[in-house]
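Shown next: start-v5.cif, containing mmCIF, C-alpha atoms and all ligand atoms.
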data_target
loop_
_atom_site.group_PDB
_atom_site.id
_atom_site.type_symbol
_atom_site.label_atom_id
_atom_site.label_comp_id
_atom_site.auth_asym_id
_atom_site.auth_seq_id
_atom_site.Cartn_x
_atom_site.Cartn_y
_atom_site.Cartn_z
ATOM 1 C CA MET A 1 91.626 267.033 -65.528
ATOM 2 C CA LYS A 2 94.554 265.889 -63.403
ATOM 3 C CA ILE A 3 95.481 267.608 -60.125
ATOM 4 C CA VAL A 4 99.035 267.392 -58.775
ATOM 5 C CA SER A 5 100.843 269.000 -55.881
ATOM 6 C CA SER A 6 104.457 267.767 -55.634
ATOM 7 C CA ILE A 7 107.210 268.435 -58.187
ATOM 8 C CA GLN A 8 107.544 264.666 -58.687
ATOM 9 C CA GLU A 9 103.858 264.354 -59.653
ATOM 10 C CA LEU A 10 104.194 267.374 -61.965
ATOM 11 C CA ASN A 11 107.280 265.897 -63.621
ATOM 12 C CA ALA A 12 105.406 262.636 -64.217
ATOM 13 C CA ALA A 13 102.271 264.329 -65.643
ATOM 14 C CA ARG A 14 103.897 267.099 -67.727
ATOM 15 C CA PRO A 15 105.446 264.894 -70.498
ATOM 16 C CA LEU A 16 102.080 263.221 -71.106
ATOM 17 C CA LEU A 17 100.549 266.512 -72.332
ATOM 18 C CA PRO A 18 100.600 267.296 -76.060
ATOM 19 C CA GLY A 19 102.288 270.559 -77.100
ATOM 20 C CA PRO A 20 102.240 273.434 -77.346
ATOM 21 C CA VAL A 21 101.576 273.752 -73.627
ATOM 22 C CA GLY A 22 100.047 276.939 -72.192
ATOM 23 C CA LEU A 23 100.498 277.890 -68.533
ATOM 24 C CA VAL A 24 98.047 280.084 -66.632
ATOM 25 C CA PRO A 25 99.653 281.055 -63.292
ATOM 26 C CA THR A 26 97.076 282.041 -60.644
ATOM 27 C CA MET A 27 96.705 282.532 -56.914
ATOM 28 C CA GLY A 28 93.303 280.834 -56.966
ATOM 29 C CA PHE A 29 89.880 282.184 -55.939
ATOM 30 C CA LEU A 30 89.229 282.300 -59.652
ATOM 31 C CA HIS A 31 86.906 284.754 -61.355
ATOM 32 C CA ALA A 32 85.851 285.393 -64.957
ATOM 33 C CA GLY A 33 89.160 287.175 -65.620
ATOM 34 C CA HIS A 34 91.174 284.036 -64.811
ATOM 35 C CA ILE A 35 88.756 281.852 -66.748
ATOM 36 C CA SER A 36 89.183 284.070 -69.828
ATOM 37 C CA LEU A 37 92.938 283.320 -69.634
ATOM 38 C CA VAL A 38 92.278 279.573 -69.393
ATOM 39 C CA GLU A 39 89.836 279.736 -72.319
ATOM 40 C CA ARG A 40 92.355 281.647 -74.427
ATOM 41 C CA ALA A 41 95.040 279.071 -73.564
ATOM 42 C CA ARG A 42 92.566 276.295 -74.439
ATOM 43 C CA ARG A 43 92.006 277.845 -77.889
ATOM 44 C CA GLU A 44 95.722 278.310 -78.582
ATOM 45 C CA CYS A 45 97.409 275.300 -76.954
ATOM 46 C CA ALA A 46 97.047 271.509 -77.101
ATOM 47 C CA GLY A 47 97.884 271.213 -73.381
ATOM 48 C CA VAL A 48 96.681 273.642 -70.684
ATOM 49 C CA ILE A 49 98.236 273.775 -67.208
ATOM 50 C CA VAL A 50 96.926 276.064 -64.458
ATOM 51 C CA SER A 51 98.926 276.674 -61.298
ATOM 52 C CA ILE A 52 97.246 277.726 -58.063
ATOM 53 C CA PHE A 53 99.622 279.091 -55.442
ATOM 54 C CA VAL A 54 99.080 281.968 -53.027
ATOM 55 C CA ASN A 55 102.645 283.223 -53.147
ATOM 56 C CA PRO A 56 103.731 284.505 -49.697
ATOM 57 C CA ALA A 57 106.806 286.191 -51.203
ATOM 58 C CA GLN A 58 104.745 288.791 -53.070
ATOM 59 C CA PHE A 59 102.782 289.985 -50.013
ATOM 60 C CA GLY A 60 104.227 292.790 -47.886
ATOM 61 C CA PRO A 61 104.257 292.607 -44.057
ATOM 62 C CA ASN A 62 101.085 294.743 -43.873
ATOM 63 C CA GLU A 63 99.270 293.012 -46.709
ATOM 64 C CA ASP A 64 96.497 290.474 -46.693
ATOM 65 C CA LEU A 65 98.228 287.058 -47.072
ATOM 66 C CA ALA A 66 96.348 285.406 -44.185
ATOM 67 C CA LYS A 67 92.953 286.683 -45.288
ATOM 68 C CA TYR A 68 93.568 286.251 -49.038
ATOM 69 C CA PRO A 69 90.434 284.406 -50.224
ATOM 70 C CA ARG A 70 90.788 280.713 -51.042
ATOM 71 C CA ASP A 71 88.288 278.136 -52.360
ATOM 72 C CA LEU A 72 90.066 275.201 -53.992
ATOM 73 C CA PRO A 73 86.998 272.972 -54.641
ATOM 74 C CA ARG A 74 85.250 275.829 -56.462
ATOM 75 C CA ASP A 75 88.429 276.685 -58.408
ATOM 76 C CA LEU A 76 88.825 273.075 -59.532
ATOM 77 C CA ALA A 77 85.197 272.892 -60.708
ATOM 78 C CA LEU A 78 85.639 276.110 -62.723
ATOM 79 C CA LEU A 79 88.887 274.859 -64.263
ATOM 80 C CA GLU A 80 87.344 271.519 -65.187
ATOM 81 C CA ALA A 81 84.504 273.378 -66.941
ATOM 82 C CA ALA A 82 86.978 275.686 -68.727
ATOM 83 C CA GLY A 83 88.868 272.675 -70.082
ATOM 84 C CA ALA A 84 92.182 272.740 -68.165
ATOM 85 C CA ASP A 85 94.195 269.521 -68.526
ATOM 86 C CA LEU A 86 96.415 269.740 -65.456
ATOM 87 C CA VAL A 87 96.220 271.798 -62.261
ATOM 88 C CA TRP A 88 99.346 272.210 -60.169
ATOM 89 C CA THR A 89 98.794 273.269 -56.537
ATOM 90 C CA PRO A 90 102.281 273.434 -55.018
ATOM 91 C CA THR A 91 102.675 273.980 -51.272
ATOM 92 C CA PRO A 92 104.903 276.769 -49.862
ATOM 93 C CA GLU A 93 107.472 274.045 -48.999
ATOM 94 C CA VAL A 94 107.631 273.011 -52.681
ATOM 95 C CA MET A 95 108.138 276.573 -53.907
ATOM 96 C CA TYR A 96 110.350 277.769 -51.036
ATOM 97 C CA PRO A 97 112.238 274.753 -49.657
ATOM 98 C CA PRO A 98 114.037 275.160 -46.313
ATOM 99 C CA GLY A 99 117.141 277.327 -46.772
ATOM 100 C CA PHE A 100 115.730 279.046 -49.881
ATOM 101 C CA GLN A 101 117.909 282.008 -50.885
ATOM 102 C CA THR A 102 117.670 282.493 -54.665
ATOM 103 C CA TRP A 103 115.686 285.468 -55.956
ATOM 104 C CA ILE A 104 114.960 286.923 -59.389
ATOM 105 C CA THR A 105 114.874 290.719 -59.540
ATOM 106 C CA VAL A 106 113.951 292.912 -62.516
ATOM 107 C CA GLU A 107 115.396 296.364 -61.843
ATOM 108 C CA GLY A 108 114.202 299.651 -63.475
ATOM 109 C CA LEU A 109 110.722 298.549 -64.506
ATOM 110 C CA THR A 110 109.828 297.553 -60.956
ATOM 111 C CA ALA A 111 110.773 300.937 -59.452
ATOM 112 C CA PRO A 112 107.652 303.082 -60.143
ATOM 113 C CA LEU A 113 103.894 302.573 -59.616
ATOM 114 C CA GLU A 114 103.134 299.278 -57.827
ATOM 115 C CA GLY A 115 106.837 298.710 -57.160
ATOM 116 C CA ALA A 116 107.104 302.046 -55.327
ATOM 117 C CA GLN A 117 104.052 301.317 -53.167
ATOM 118 C CA ARG A 118 104.763 297.628 -52.523
ATOM 119 C CA PRO A 119 108.500 297.130 -51.904
ATOM 120 C CA GLY A 120 109.568 293.545 -52.623
ATOM 121 C CA HIS A 121 106.301 292.672 -54.372
ATOM 122 C CA PHE A 122 107.760 292.193 -57.838
ATOM 123 C CA ARG A 123 110.770 290.273 -56.506
ATOM 124 C CA GLY A 124 108.249 287.769 -55.137
ATOM 125 C CA VAL A 125 106.295 287.705 -58.411
ATOM 126 C CA THR A 126 109.300 287.248 -60.702
ATOM 127 C CA THR A 127 110.854 284.612 -58.458
ATOM 128 C CA VAL A 128 107.704 282.505 -58.314
ATOM 129 C CA VAL A 129 106.917 282.946 -62.027
ATOM 130 C CA ALA A 130 110.487 281.944 -62.976
ATOM 131 C CA LYS A 131 110.093 278.843 -60.803
ATOM 132 C CA LEU A 132 106.735 278.036 -62.426
ATOM 133 C CA PHE A 133 108.293 278.496 -65.882
ATOM 134 C CA ASN A 134 111.211 276.201 -64.981
ATOM 135 C CA ALA A 135 108.998 273.489 -63.547
ATOM 136 C CA VAL A 136 106.251 273.561 -66.206
ATOM 137 C CA GLN A 137 108.328 274.497 -69.296
ATOM 138 C CA PRO A 138 105.345 275.922 -71.189
ATOM 139 C CA GLN A 139 105.535 277.313 -74.714
ATOM 140 C CA LYS A 140 103.078 280.100 -73.824
ATOM 141 C CA ALA A 141 102.082 281.789 -70.541
ATOM 142 C CA TYR A 142 98.952 283.866 -69.999
ATOM 143 C CA PHE A 143 98.599 287.000 -67.836
ATOM 144 C CA GLY A 144 95.917 289.690 -67.453
ATOM 145 C CA GLN A 145 96.283 293.287 -68.648
ATOM 146 C CA LYS A 146 94.729 294.398 -65.336
ATOM 147 C CA ASP A 147 98.156 293.880 -63.726
ATOM 148 C CA ALA A 148 99.835 295.925 -66.469
ATOM 149 C CA GLN A 149 103.129 296.474 -64.662
ATOM 150 C CA GLN A 150 103.334 292.801 -63.700
ATOM 151 C CA ALA A 151 102.878 291.863 -67.387
ATOM 152 C CA ALA A 152 105.634 294.311 -68.418
ATOM 153 C CA VAL A 153 107.994 292.990 -65.724
ATOM 154 C CA ILE A 154 107.353 289.361 -66.700
ATOM 155 C CA ARG A 155 107.902 290.166 -70.390
ATOM 156 C CA ARG A 156 111.240 291.759 -69.439
ATOM 157 C CA MET A 157 112.287 288.825 -67.240
ATOM 158 C CA THR A 158 111.347 286.315 -69.958
ATOM 159 C CA LYS A 159 113.517 288.175 -72.475
ATOM 160 C CA ASP A 160 116.393 288.784 -70.074
ATOM 161 C CA LEU A 161 116.570 285.151 -68.912
ATOM 162 C CA ASN A 162 116.012 283.698 -72.423
ATOM 163 C CA PHE A 163 112.960 281.697 -71.412
ATOM 164 C CA PRO A 164 111.646 280.256 -74.718
ATOM 165 C CA ILE A 165 108.110 281.241 -73.749
ATOM 166 C CA GLU A 166 105.612 283.555 -75.444
ATOM 167 C CA ILE A 167 103.952 285.884 -72.951
ATOM 168 C CA VAL A 168 100.296 286.445 -73.879
ATOM 169 C CA VAL A 169 98.586 289.407 -72.211
ATOM 170 C CA CYS A 170 94.773 289.206 -72.251
ATOM 171 C CA PRO A 171 92.237 292.053 -71.895
ATOM 172 C CA THR A 172 90.856 293.011 -68.480
ATOM 173 C CA VAL A 173 87.467 291.416 -67.797
ATOM 174 C CA ARG A 174 84.982 293.791 -66.159
ATOM 175 C CA GLU A 175 81.717 293.608 -64.245
ATOM 176 C CA ALA A 176 78.680 295.116 -66.018
ATOM 177 C CA ASP A 177 79.328 298.487 -64.320
ATOM 178 C CA GLY A 178 82.991 298.570 -65.376
ATOM 179 C CA LEU A 179 84.708 297.394 -62.169
ATOM 180 C CA ALA A 180 87.712 295.265 -63.144
ATOM 181 C CA MET A 181 87.397 291.682 -61.905
ATOM 182 C CA SER A 182 89.680 290.992 -58.944
ATOM 183 C CA SER A 183 89.729 288.498 -56.088
ATOM 184 C CA ARG A 184 90.035 291.548 -53.813
ATOM 185 C CA ASN A 185 86.565 292.801 -54.844
ATOM 186 C CA THR A 186 85.134 290.274 -52.368
ATOM 187 C CA TYR A 187 86.443 292.465 -49.507
ATOM 188 C CA LEU A 188 84.139 295.352 -50.528
ATOM 189 C CA ASN A 189 80.896 295.918 -48.622
ATOM 190 C CA PRO A 190 77.852 296.897 -50.769
ATOM 191 C CA GLU A 191 78.461 300.633 -50.351
ATOM 192 C CA GLU A 192 82.155 300.302 -51.195
ATOM 193 C CA ARG A 193 81.324 298.043 -54.135
ATOM 194 C CA LYS A 194 79.246 300.885 -55.621
ATOM 195 C CA ALA A 195 81.985 303.432 -54.928
ATOM 196 C CA ALA A 196 84.606 301.152 -56.532
ATOM 197 C CA THR A 197 83.299 301.976 -60.010
ATOM 198 C CA VAL A 198 85.094 305.303 -59.568
ATOM 199 C CA LEU A 199 88.299 303.767 -60.976
ATOM 200 C CA PHE A 200 86.566 302.870 -64.240
ATOM 201 C CA ARG A 201 84.820 306.243 -64.340
ATOM 202 C CA ALA A 202 88.105 308.101 -63.848
ATOM 203 C CA LEU A 203 89.916 306.101 -66.530
ATOM 204 C CA THR A 204 86.992 306.494 -68.942
ATOM 205 C CA ALA A 205 86.979 310.278 -68.427
ATOM 206 C CA ALA A 206 90.742 310.546 -69.017
ATOM 207 C CA LYS A 207 90.546 308.333 -72.090
ATOM 208 C CA ALA A 208 87.698 310.454 -73.494
ATOM 209 C CA ALA A 209 89.811 313.585 -73.010
ATOM 210 C CA HIS A 210 92.686 311.875 -74.852
ATOM 211 C CA GLU A 211 90.337 310.933 -77.684
ATOM 212 C CA GLN A 212 89.259 314.555 -77.886
ATOM 213 C CA GLY A 213 92.873 315.585 -78.408
ATOM 214 C CA GLU A 214 94.285 316.148 -74.892
ATOM 215 C CA ARG A 215 97.988 315.263 -75.056
ATOM 216 C CA ASP A 216 99.188 316.904 -71.821
ATOM 217 C CA ALA A 217 99.894 313.942 -69.498
ATOM 218 C CA GLU A 218 99.524 316.085 -66.365
ATOM 219 C CA ALA A 219 96.036 317.148 -67.507
ATOM 220 C CA LEU A 220 95.102 313.466 -67.892
ATOM 221 C CA ARG A 221 96.521 312.659 -64.438
ATOM 222 C CA ARG A 222 94.449 315.576 -63.061
ATOM 223 C CA ILE A 223 91.280 314.060 -64.533
ATOM 224 C CA LEU A 224 92.077 310.812 -62.710
ATOM 225 C CA THR A 225 92.832 312.503 -59.373
ATOM 226 C CA GLY A 226 89.836 314.861 -59.683
ATOM 227 C CA THR A 227 87.370 312.030 -60.332
ATOM 228 C CA ILE A 228 88.724 309.962 -57.434
ATOM 229 C CA SER A 229 88.674 312.875 -54.984
ATOM 230 C CA ALA A 230 84.955 313.393 -55.720
ATOM 231 C CA GLU A 231 84.192 309.913 -54.319
ATOM 232 C CA PRO A 232 84.061 310.089 -50.484
ATOM 233 C CA LEU A 233 84.842 306.384 -49.927
ATOM 234 C CA ALA A 234 87.894 306.426 -52.221
ATOM 235 C CA ARG A 235 91.476 307.491 -51.440
ATOM 236 C CA LEU A 236 93.937 307.788 -54.290
ATOM 237 C CA GLN A 237 97.381 306.235 -53.867
ATOM 238 C CA TYR A 238 98.752 307.093 -57.302
ATOM 239 C CA ALA A 239 97.518 308.187 -60.719
ATOM 240 C CA SER A 240 99.886 307.761 -63.616
ATOM 241 C CA CYS A 241 100.154 308.503 -67.304
ATOM 242 C CA ALA A 242 103.313 306.691 -68.368
ATOM 243 C CA ASP A 243 105.097 305.325 -71.411
ATOM 244 C CA TYR A 244 103.663 301.868 -72.127
ATOM 245 C CA ASP A 245 107.056 300.143 -72.374
ATOM 246 C CA THR A 246 109.306 301.984 -69.911
ATOM 247 C CA LEU A 247 106.568 302.999 -67.417
ATOM 248 C CA GLU A 248 108.255 306.409 -67.081
ATOM 249 C CA GLU A 249 105.866 309.289 -66.378
ATOM 250 C CA LEU A 250 105.139 311.347 -69.497
ATOM 251 C CA GLU A 251 104.873 315.079 -70.091
ATOM 252 C CA LYS A 252 103.282 314.687 -73.527
ATOM 253 C CA VAL A 253 101.341 311.661 -74.774
ATOM 254 C CA THR A 254 102.742 310.890 -78.208
ATOM 255 C CA GLY A 255 102.741 307.079 -78.506
ATOM 256 C CA LYS A 256 101.354 304.026 -76.732
ATOM 257 C CA SER A 257 100.818 304.985 -73.085
ATOM 258 C CA LEU A 258 99.414 303.534 -69.884
ATOM 259 C CA LEU A 259 96.906 305.340 -67.687
ATOM 260 C CA SER A 260 96.972 303.535 -64.350
ATOM 261 C CA MET A 261 95.960 304.035 -60.760
ATOM 262 C CA ALA A 262 95.823 302.509 -57.296
ATOM 263 C CA VAL A 263 92.947 303.525 -55.059
ATOM 264 C CA PHE A 264 91.856 302.479 -51.580
ATOM 265 C CA VAL A 265 88.106 301.981 -51.354
ATOM 266 C CA GLY A 266 87.568 301.618 -47.634
ATOM 267 C CA LYS A 267 90.466 299.344 -46.628
ATOM 268 C CA THR A 268 90.623 297.538 -49.980
ATOM 269 C CA ARG A 269 93.346 298.519 -52.409
ATOM 270 C CA LEU A 270 92.229 298.323 -56.047
ATOM 271 C CA ILE A 271 94.224 298.882 -59.239
ATOM 272 C CA ASP A 272 93.091 299.428 -62.809
ATOM 273 C CA ASN A 273 94.447 300.789 -66.081
ATOM 274 C CA PHE A 274 93.620 301.720 -69.665
ATOM 275 C CA VAL A 275 96.028 301.647 -72.587
ATOM 276 C CA LEU A 276 96.089 304.724 -74.818
ATOM 277 C CA GLU A 277 97.068 303.735 -78.351
HETATM 278 O O1 LIG B 301 98.746 287.713 -60.956
HETATM 279 C C1 LIG B 301 98.810 286.827 -60.081
HETATM 280 O O2 LIG B 301 97.811 286.204 -59.704
HETATM 281 C C2 LIG B 301 100.150 286.523 -59.431
HETATM 282 O O3 LIG B 301 100.911 287.675 -59.293
HETATM 283 C C3 LIG B 301 100.934 285.436 -60.170
HETATM 284 C C4 LIG B 301 101.322 285.861 -61.574
HETATM 285 C C5 LIG B 301 100.115 284.153 -60.226
HETATM 286 C C6 LIG B 301 102.244 285.125 -59.410
HETATM 287 O O4 LIG B 301 101.983 284.682 -58.121
#
Written as structure tokens, how would this file's structure read?
Ligand code: PAF
Amino acid sequence: MKIVSSIQELNAARPLLPGPVGLVPTMGFLHAGHISLVERARRECAGVIVSIFVNPAQFGPNEDLAKYPRDLPRDLALLEAAGADLVWTPTPEVMYPPGFQTWITVEGLTAPLEGAQRPGHFRGVTTVVAKLFNAVQPQKAYFGQKDAQQAAVIRRMTKDLNFPIEIVVCPTVREADGLAMSSRNTYLNPEERKAATVLFRALTAAKAAHEQGERDAEALRRILTGTISAEPLARLQYASCADYDTLEELEKVTGKSLLSMAVFVGKTRLIDNFVLE
């Protein structure tokens, strides 16, 4: 496994990889969710590149950039074991050179849900992902379903900018008790960690109601909000039942839909979602 940091080193190493090449963009502090993306890329691609970059542009002024967890030696050991060929660890100066002023913005899809709560977040994500796509030129790129809106926004950007890249969205990986894997879970104290299963419990309850025939989207949103409000350590930020493609809130659930939520457990903000087929 080769590790490079500068664009020059990347440009020298990239042509040596056999195709198709799969890219797994990450912010490091890898968990089983990231590794499942690398393993999927390994199965589907002859060359596997993983980028590790904690992207300052996608953190808001009150968010946790400085305390975002980092452990490069551990990440590299996990990636070696998962079979990555090349790891790119650009510095902020590589991604945002002095005088940087070019941004990629996806409009409508970034307005609701995470976009409404985290202004500027998706502009940072799409800009950095477009730069990763340009530099790496992969044939496939792998993202997790846990960040459902991010996956939808990246699919849109890829289409709109004619990137010849297939976006592969992989299932959310969960702990044994249902908590979705996230680097942010490390912020939870033991009591909060227990309470954090409330997201999975709420989504499971709403999905069960849907399976039993509930098609009123507001009733499903009420199941989410009701379950969260019963957990003293949790504070709901939003609960949504939206069209899977447009992310517009639904009145009736008739086709593929996304149940999603953002919840503070203590000071830690967690997101999770289920797809209703
Ligand atoms: O999902 C993430 O970890 C980040 O948003 C991504 C896609 C690596 C862009 O910084």
Can you tell me which residues sit at most 6 Å away from ligand LIG 301 (chain B), counting only C-alpha atoms and all ligand atoms, written as a ChimeraX atom specification? /A:25-27,55,125,129
Those residues you just picked out, can you put them in a file as a JSON list (two decimals), keeping the file's coordinate frame with C-alpha atoms?
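Wrote it out as part.json, contents follow:
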[["chain", "number", "residue", "atom", "x", "y", "z"],
["A", 25, "PRO", "CA", 99.65, 281.06, -63.29],
["A", 26, "THR", "CA", 97.08, 282.04, -60.64],
["A", 27, "MET", "CA", 96.70, 282.53, -56.91],
["A", 55, "ASN", "CA", 102.64, 283.22, -53.15],
["A", 125, "VAL", "CA", 106.30, 287.70, -58.41],
["A", 129, "VAL", "CA", 106.92, 282.95, -62.03]]
Counting all atoms listed in the file, the residue among A:Glu231, A:Glu114, A:Glu39, A:Glu63 that lies closest to A:Asp85 is A:Glu39
Which neighbours of A:Thr197 fall inside 12 Å, counting only C-alpha atoms, when residues of the same chain fewer than 3 positions from it are skipped, and could you give them as a ChimeraX atom specification? /A:174-181,185,188,190-194,200-204,227-228,231,233-234,263,265,270-272
Around the point (89.4, 284.9, -55.7) (coordinates from the file), which residues reach within 9 Å if we count all atoms listed in the file? Answer as a list of chain:residue names.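 Output of the proximity query reads A:Met27, A:Gly28, A:Phe29, A:Leu30, A:His31, A:Tyr68, A:Pro69, A:Arg70, A:Asp71, A:Asp75, A:Ser182, A:Ser183, A:Arg184, A:Asn185, A:Thr186.
Listed by chain and then by number, the residues chosen by the PyMOL selection byres (((chain A and resi 225) around 10) and not hetatm) in this file are Leu199, Ala202, Ala219, Leu220, Arg221, Arg222, Ile223, Leu224, Gly226, Thr227, Ile228, Ser229, Ala230, Arg235, Leu236, Gln237, Tyr238, Ala239, Ser240, Met261 and Val263 of chain A.
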Quick one: residues within 12 Å of stretch 89-98 of chain A, only C-alpha atoms, excluding same-chain residues fewer than 3 positions away - as a ChimeraX atom specification? /A:2-10,25-28,49-57,72-73,75-76,86,101-103,124,127-132,134-136
Using C-alpha atoms, can you export the residues from the last selection as a PDB file, keeping the file's coordinate frame?
ATOM      1  CA  LYS A   2      94.554 265.889 -63.403  1.00  0.00           C
ATOM      2  CA  ILE A   3      95.481 267.608 -60.125  1.00  0.00           C
ATOM      3  CA  VAL A   4      99.035 267.392 -58.775  1.00  0.00           C
ATOM      4  CA  SER A   5     100.843 269.000 -55.881  1.00  0.00           C
ATOM      5  CA  SER A   6     104.457 267.767 -55.634  1.00  0.00           C
ATOM      6  CA  ILE A   7     107.210 268.435 -58.187  1.00  0.00           C
ATOM      7  CA  GLN A   8     107.544 264.666 -58.687  1.00  0.00           C
ATOM      8  CA  GLU A   9     103.858 264.354 -59.653  1.00  0.00           C
ATOM      9  CA  LEU A  10     104.194 267.374 -61.965  1.00  0.00           C
ATOM     10  CA  PRO A  25      99.653 281.055 -63.292  1.00  0.00           C
ATOM     11  CA  THR A  26      97.076 282.041 -60.644  1.00  0.00           C
ATOM     12  CA  MET A  27      96.705 282.532 -56.914  1.00  0.00           C
ATOM     13  CA  GLY A  28      93.303 280.834 -56.966  1.00  0.00           C
ATOM     14  CA  ILE A  49      98.236 273.775 -67.208  1.00  0.00           C
ATOM     15  CA  VAL A  50      96.926 276.064 -64.458  1.00  0.00           C
ATOM     16  CA  SER A  51      98.926 276.674 -61.298  1.00  0.00           C
ATOM     17  CA  ILE A  52      97.246 277.726 -58.063  1.00  0.00           C
ATOM     18  CA  PHE A  53      99.622 279.091 -55.442  1.00  0.00           C
ATOM     19  CA  VAL A  54      99.080 281.968 -53.027  1.00  0.00           C
ATOM     20  CA  ASN A  55     102.645 283.223 -53.147  1.00  0.00           C
ATOM     21  CA  PRO A  56     103.731 284.505 -49.697  1.00  0.00           C
ATOM     22  CA  ALA A  57     106.806 286.191 -51.203  1.00  0.00           C
ATOM     23  CA  LEU A  72      90.066 275.201 -53.992  1.00  0.00           C
ATOM     24  CA  PRO A  73      86.998 272.972 -54.641  1.00  0.00           C
ATOM     25  CA  ASP A  75      88.429 276.685 -58.408  1.00  0.00           C
ATOM     26  CA  LEU A  76      88.825 273.075 -59.532  1.00  0.00           C
ATOM     27  CA  LEU A  86      96.415 269.740 -65.456  1.00  0.00           C
ATOM     28  CA  GLN A 101     117.909 282.008 -50.885  1.00  0.00           C
ATOM     29  CA  THR A 102     117.670 282.493 -54.665  1.00  0.00           C
ATOM     30  CA  TRP A 103     115.686 285.468 -55.956  1.00  0.00           C
ATOM     31  CA  GLY A 124     108.249 287.769 -55.137  1.00  0.00           C
ATOM     32  CA  THR A 127     110.854 284.612 -58.458  1.00  0.00           C
ATOM     33  CA  VAL A 128     107.704 282.505 -58.314  1.00  0.00           C
ATOM     34  CA  VAL A 129     106.917 282.946 -62.027  1.00  0.00           C
ATOM     35  CA  ALA A 130     110.487 281.944 -62.976  1.00  0.00           C
ATOM     36  CA  LYS A 131     110.093 278.843 -60.803  1.00  0.00           C
ATOM     37  CA  LEU A 132     106.735 278.036 -62.426  1.00  0.00           C
ATOM     38  CA  ASN A 134     111.211 276.201 -64.981  1.00  0.00           C
ATOM     39  CA  ALA A 135     108.998 273.489 -63.547  1.00  0.00           C
ATOM     40  CA  VAL A 136     106.251 273.561 -66.206  1.00  0.00           C
TER      41      VAL A 136
END
To one decimal in Å, tell me the separation between atom CA of A:Leu37 and atom CA of A:Lys146.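 Between atom CA of A:Leu37 and atom CA of A:Lys146 the gap is 12.0 Å.
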Might you pull out every residue within 8 Å of A:Ala46, with all atoms listed in the file counted and same-chain residues fewer than 6 positions away left off, and present them as an MDAnalysis selection string? chainID A and resid 17:22
Restricting the calculation to only C-alpha atoms, which member of A:Leu65, A:Ala141, A:Val198, A:Gln149 is positioned closest to A:Phe122?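 The shortest atom-to-atom distance to A:Phe122 comes from A:Gln149.
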Using the chain letters and numbering of this document, enumerate as an NGL selection string the residues selected by the PyMOL selection byres (((chain A and resi 249) around 10) and not hetatm). :A and (112-113 or 217-218 or 240-244 or 246-248 or 250-253 or 257-259)
May I ask for the distance between atom CA of A:Thr110 and atom CA of A:Leu276, given in Å to one decimal place? 20.8 Å
Please indicate the distance in Å from atom CA of A:Ala84 to atom CA of A:Val38, rounded to one decimal place. 6.9 Å
